[in-house]
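File shown here: input-v6.txt, holding compact mmCIF, C-alpha atoms.
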# COMPACT_ATOMS: atom_id res chain seq x y z
CA THR A 26 15.40 -16.10 -11.20
CA LEU A 27 11.68 -16.77 -11.63
CA SER A 28 11.73 -15.50 -15.20
CA ALA A 29 14.64 -17.80 -16.08
CA LEU A 30 12.95 -20.68 -14.28
CA ILE A 31 9.69 -20.19 -16.18
CA PHE A 32 11.08 -19.31 -19.62
CA GLY A 33 14.52 -20.91 -19.49
CA LEU A 34 17.86 -19.13 -19.28
CA HIS A 35 17.98 -16.78 -22.27
CA GLY A 36 19.05 -13.18 -22.72
CA TRP A 37 15.45 -11.99 -23.00
CA SER A 38 14.27 -13.97 -19.95
CA VAL A 39 16.92 -12.26 -17.84
CA ILE A 40 15.96 -8.81 -19.18
CA LEU A 41 12.17 -9.39 -19.00
CA PRO A 42 11.82 -8.42 -15.30
CA GLN A 43 13.65 -5.15 -15.98
CA ALA A 44 11.41 -4.36 -18.94
CA LEU A 45 8.31 -5.13 -16.87
CA GLY A 46 9.70 -2.95 -14.07
CA GLY A 47 10.16 -0.09 -16.54
CA VAL A 48 6.60 -0.42 -17.83
CA GLY A 49 5.26 -0.74 -14.29
CA SER A 50 7.14 2.41 -13.29
CA VAL A 51 5.44 4.38 -16.06
CA LEU A 52 2.04 3.16 -14.84
CA LEU A 53 2.90 3.99 -11.22
CA VAL A 54 4.01 7.52 -12.14
CA TYR A 55 0.65 8.01 -13.84
CA LEU A 56 -1.23 6.66 -10.80
CA LEU A 57 0.79 8.80 -8.39
CA VAL A 58 0.34 12.07 -10.29
CA LYS A 59 -3.32 11.74 -11.38
CA PRO A 60 -5.14 12.19 -8.02
CA THR A 61 -3.46 15.51 -7.26
CA PHE A 62 -2.78 17.04 -10.67
CA GLY A 63 -5.28 15.37 -13.04
CA LYS A 64 -5.15 13.19 -16.14
CA ALA A 65 -3.25 15.59 -18.39
CA ALA A 66 -0.40 16.04 -15.91
CA ALA A 67 -0.36 12.31 -15.18
CA ARG A 68 -0.08 11.51 -18.88
CA LEU A 69 2.75 14.00 -19.32
CA ALA A 70 4.56 12.61 -16.27
CA ALA A 71 4.17 9.04 -17.54
CA LEU A 72 5.36 10.11 -21.00
CA ALA A 73 8.40 11.78 -19.44
CA MET A 74 9.15 8.61 -17.48
CA ALA A 75 8.74 6.40 -20.55
CA THR A 76 10.92 8.56 -22.80
CA THR A 77 13.69 9.53 -20.40
CA PRO A 78 16.77 8.03 -22.08
CA VAL A 79 18.35 6.59 -18.93
CA ALA A 80 15.07 5.00 -17.81
CA ALA A 81 14.58 3.42 -21.22
CA ALA A 82 18.21 2.28 -21.31
CA VAL A 83 18.27 0.57 -17.91
CA SER A 84 14.96 -1.15 -18.63
CA ARG A 85 16.70 -3.01 -21.47
CA THR A 86 19.66 -4.38 -19.50
CA ASN A 87 20.16 -7.09 -16.91
CA ASN A 88 21.05 -4.43 -14.34
CA ILE A 89 18.63 -4.24 -11.42
CA ASP A 90 18.02 -0.46 -11.57
CA ALA A 91 14.63 -0.61 -13.32
CA LEU A 92 13.30 -2.99 -10.67
CA LEU A 93 14.64 -0.74 -7.91
CA VAL A 94 12.82 2.26 -9.39
CA PHE A 95 9.63 0.20 -9.69
CA THR A 96 9.95 -1.07 -6.11
CA LEU A 97 10.49 2.43 -4.72
CA LEU A 98 7.62 3.90 -6.74
CA LEU A 99 5.39 1.13 -5.41
CA ALA A 100 6.58 2.07 -1.91
CA VAL A 101 5.60 5.69 -2.61
CA TRP A 102 2.13 4.52 -3.70
CA PHE A 103 1.70 2.60 -0.43
CA LEU A 104 3.02 5.57 1.57
CA PHE A 105 0.50 7.94 -0.05
CA LYS A 106 -2.33 5.43 0.37
CA GLY A 107 -1.45 4.68 4.00
CA THR A 108 -1.02 8.31 4.97
CA LYS A 109 -4.28 9.37 3.35
CA SER A 110 -6.35 6.52 4.83
CA ASN A 111 -4.36 6.26 8.08
CA LYS A 112 -3.92 2.50 7.54
CA LEU A 113 -0.93 1.00 9.30
CA GLY A 114 -0.72 -1.96 6.89
CA SER A 115 -0.11 0.27 3.88
CA LEU A 116 2.52 2.27 5.74
CA LEU A 117 4.31 -0.89 6.86
CA ALA A 118 4.15 -2.18 3.27
CA ALA A 119 5.79 1.04 2.05
CA PHE A 120 8.76 0.59 4.37
CA ALA A 121 8.92 -3.16 3.73
CA LEU A 122 9.24 -2.38 0.02
CA ILE A 123 12.20 -0.12 0.75
CA GLY A 124 13.66 -3.15 2.52
CA VAL A 125 13.07 -5.18 -0.65
CA GLY A 126 14.82 -2.39 -2.53
CA PHE A 127 17.77 -2.76 -0.14
CA ASN A 128 17.97 -6.42 -1.09
CA GLU A 129 17.95 -5.39 -4.75
CA LYS A 130 20.50 -2.58 -4.69
CA MET A 131 21.57 -2.19 -1.04
CA LEU A 132 21.99 1.31 0.41
CA GLN A 133 20.81 3.04 -2.78
CA ALA A 134 17.25 2.13 -1.76
CA TYR A 135 17.64 4.10 1.45
CA MET A 136 18.11 7.38 -0.40
CA VAL A 137 14.33 7.92 -0.27
CA LEU A 138 14.04 7.41 3.49
CA PRO A 139 14.43 11.06 4.57
CA ALA A 140 11.65 12.06 2.16
CA PHE A 141 9.40 9.22 3.40
CA TYR A 142 9.86 10.18 7.04
CA LEU A 143 9.37 13.89 6.34
CA PHE A 144 6.29 13.27 4.19
CA TYR A 145 4.65 11.16 6.87
CA VAL A 146 5.47 13.63 9.65
CA LEU A 147 4.03 16.55 7.65
CA ALA A 148 1.09 14.85 5.93
CA ALA A 149 -0.30 12.42 8.50
CA LYS A 150 -3.31 13.82 10.31
CA VAL A 151 -2.67 12.01 13.59
CA ASN A 152 -1.09 13.03 16.89
CA TRP A 153 2.65 12.89 17.52
CA LYS A 154 2.38 9.78 19.67
CA ARG A 155 0.78 7.89 16.77
CA LYS A 156 3.30 9.31 14.27
CA THR A 157 6.21 8.21 16.45
CA GLY A 158 4.74 4.73 16.90
CA VAL A 159 4.03 4.29 13.19
CA LEU A 160 7.51 5.44 12.21
CA ALA A 161 9.12 3.19 14.83
CA ALA A 162 7.16 0.15 13.58
CA SER A 163 7.90 1.09 9.96
CA THR A 164 11.61 1.38 10.71
CA ALA A 165 11.59 -2.02 12.44
CA ILE A 166 9.91 -3.62 9.41
CA LEU A 167 12.38 -1.85 7.12
CA LEU A 168 15.35 -3.26 9.03
CA VAL A 169 13.95 -6.78 9.31
CA VAL A 170 13.21 -6.99 5.58
CA SER A 171 16.47 -5.26 4.63
CA LEU A 172 18.72 -7.49 6.68
CA SER A 173 16.86 -10.78 6.24
CA TRP A 174 18.65 -11.93 3.09
CA ALA A 175 22.08 -10.74 4.24
CA VAL A 176 21.79 -12.47 7.63
CA ILE A 177 20.56 -15.69 6.03
CA VAL A 178 23.44 -15.72 3.52
CA ASP A 179 26.03 -14.81 6.14
CA SER A 180 24.75 -17.56 8.46
CA ILE A 181 25.66 -20.21 5.88
CA PRO A 182 29.26 -21.35 6.40
CA ALA A 183 31.58 -19.70 3.88
CA SER A 184 32.72 -23.09 2.58
CA LYS A 185 29.13 -23.96 1.57
CA ARG A 186 28.19 -20.78 -0.35
CA PRO A 187 29.64 -18.75 -3.19
CA TYR A 188 32.17 -16.07 -2.32
CA ILE A 189 30.54 -12.67 -1.76
CA GLY A 190 32.32 -10.68 -4.46
CA SER A 191 33.66 -7.19 -3.66
CA SER A 192 33.36 -7.80 0.08
CA GLY A 193 36.50 -7.71 2.15
CA THR A 194 35.40 -10.49 4.48
CA ASN A 195 33.17 -12.74 2.33
CA SER A 196 30.11 -11.22 4.00
CA VAL A 197 26.97 -9.66 2.54
CA LEU A 198 26.78 -7.27 5.49
CA ASN A 199 30.37 -6.18 4.81
CA LEU A 200 29.46 -5.72 1.15
CA ALA A 201 26.34 -3.68 1.98
CA PHE A 202 27.89 -1.37 4.55
CA GLY A 203 31.53 -1.53 3.46
CA TYR A 204 32.21 -1.68 -0.27
CA ASN A 205 28.72 -0.63 -1.40
CA GLY A 206 28.20 1.70 1.57
In structure tokens, how does this file's structure come out?
Amino acid sequence: TLSALIFGLHGWSVILPQALGGVGSVLLVYLLVKPTFGKAAARLAALAMATTPVAAAVSRTNNIDALLVFTLLLAVWFLFKGTKSNKLGSLLAAFALIGVGFNEKMLQAYMVLPAFYLFYVLAAKVNWKRKTGVLAASTAILLVVSLSWAVIVDSIPASKRPYIGSSGTNSVLNLAFGYNG
């Protein structure tokens, strides 16, 4: 929406965010791999990301997949940063970004959640009480961000908003957990 607002409604202005998401994903893969495996491995990983046919293909369409990948990779970056530095803000940002991903592509964004929880449980160098508290707060943030858009849309009377396509009850929540679930 912002791209079309800034540049006008054109084919390229609709695709621009996806292309930027694809480029950003390549950079994030590099940044995620480099600290542990070095520059050579990071460059190879970024090259693999940039040249994977499906990644290149979805970055050139008006489908939201490239932005979802970018959003989830950014969440991984915040998860790694927050776990390493033991900073609650970074960990909350990681789970908030998964919530943003939910608003982009609904339950597909949640596919990374088991890995996020497991990574934090295994990698965080804090006691179990702190781990439980952090994961509870992170889950609360995840749910608030995830459901914010759906609850706002569903709170608008059906006669004053567009029909929620593919939902059985003209509801975003029904779409998210019914048809798309």
Residues of region 38-133 of chain A that have any atom at most 9 Å from an atom of region 146-169 of chain A: could you tabulate them with the shortest-distance atom pair and the distance in Å to one decimal, using all atoms listed in the file, ordered by chain and increasing number, as a Markdown table?
| residue | atom | partner | partner_atom | distance |
| --- | --- | --- | --- | --- |
| A:Thr108 | CA | A:Ala149 | CA | 5.5 |
| A:Lys109 | CA | A:Ala149 | CA | 7.2 |
| A:Asn111 | CA | A:Ala149 | CA | 7.4 |
| A:Leu113 | CA | A:Val159 | CA | 7.1 |
| A:Leu116 | CA | A:Ser163 | CA | 6.9 |
| A:Leu117 | CA | A:Ser163 | CA | 5.1 |
| A:Ala118 | CA | A:Ser163 | CA | 8.3 |
| A:Ala119 | CA | A:Ser163 | CA | 8.2 |
| A:Phe120 | CA | A:Leu167 | CA | 5.2 |
| A:Ala121 | CA | A:Leu167 | CA | 5.0 |
| A:Leu122 | CA | A:Leu167 | CA | 7.8 |
| A:Ile123 | CA | A:Leu167 | CA | 6.6 |
| A:Gly124 | CA | A:Leu167 | CA | 4.9 |
| A:Val125 | CA | A:Leu167 | CA | 8.5 |
Ref. answer, residues at most 12 Å from (21.0, 7.6, -3.0) with all atoms listed in the file, as a ChimeraX atom specification: /A:93-94,97,126-127,130-140,205-206
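When the distance limit is 10 Å and only C-alpha atoms are what count, the residues near Leu98 (chain A), minus those fewer than 5 positions from it on the same chain, are Gly49, Ser50, Val51, Leu52, Leu53, Val54, Leu57, Leu92, Leu93, Phe103, Leu104, Ala119, Leu122 and Ile123 of chain A.
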Val176 (chain A) environment, 10 Å, only C-alpha atoms, sequence neighbours closer than 6 positions dropped, as a VMD selection string: chain A and resid 169 196 to 198
Which value, in Å to one decimal, gives the distance between CA of Ala67 (chain A) and CA of Tyr55 (chain A)? 4.6 Å
Go ahead and compute the interatomic distance for CA of Ser180 (chain A) and CA of Leu34 (chain A), in Å to one decimal. 28.6 Å
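CA of Ile89 (chain A) to CA of Gln43 (chain A) spans 6.8 Å [interatomic distance, one decimal].
Restricting the calculation to all atoms listed in the file, the smallest distance between Tyr145 (chain A) and any of A:Val101, A:Met74, A:Val48, A:Leu56 is found for A:Val101.
Here the question is which of A:Ala201, A:Val58, A:Ala44, A:Asp179 gets nearest to Ala82 (chain A) using all atoms listed in the file, and that residue is A:Ala44.
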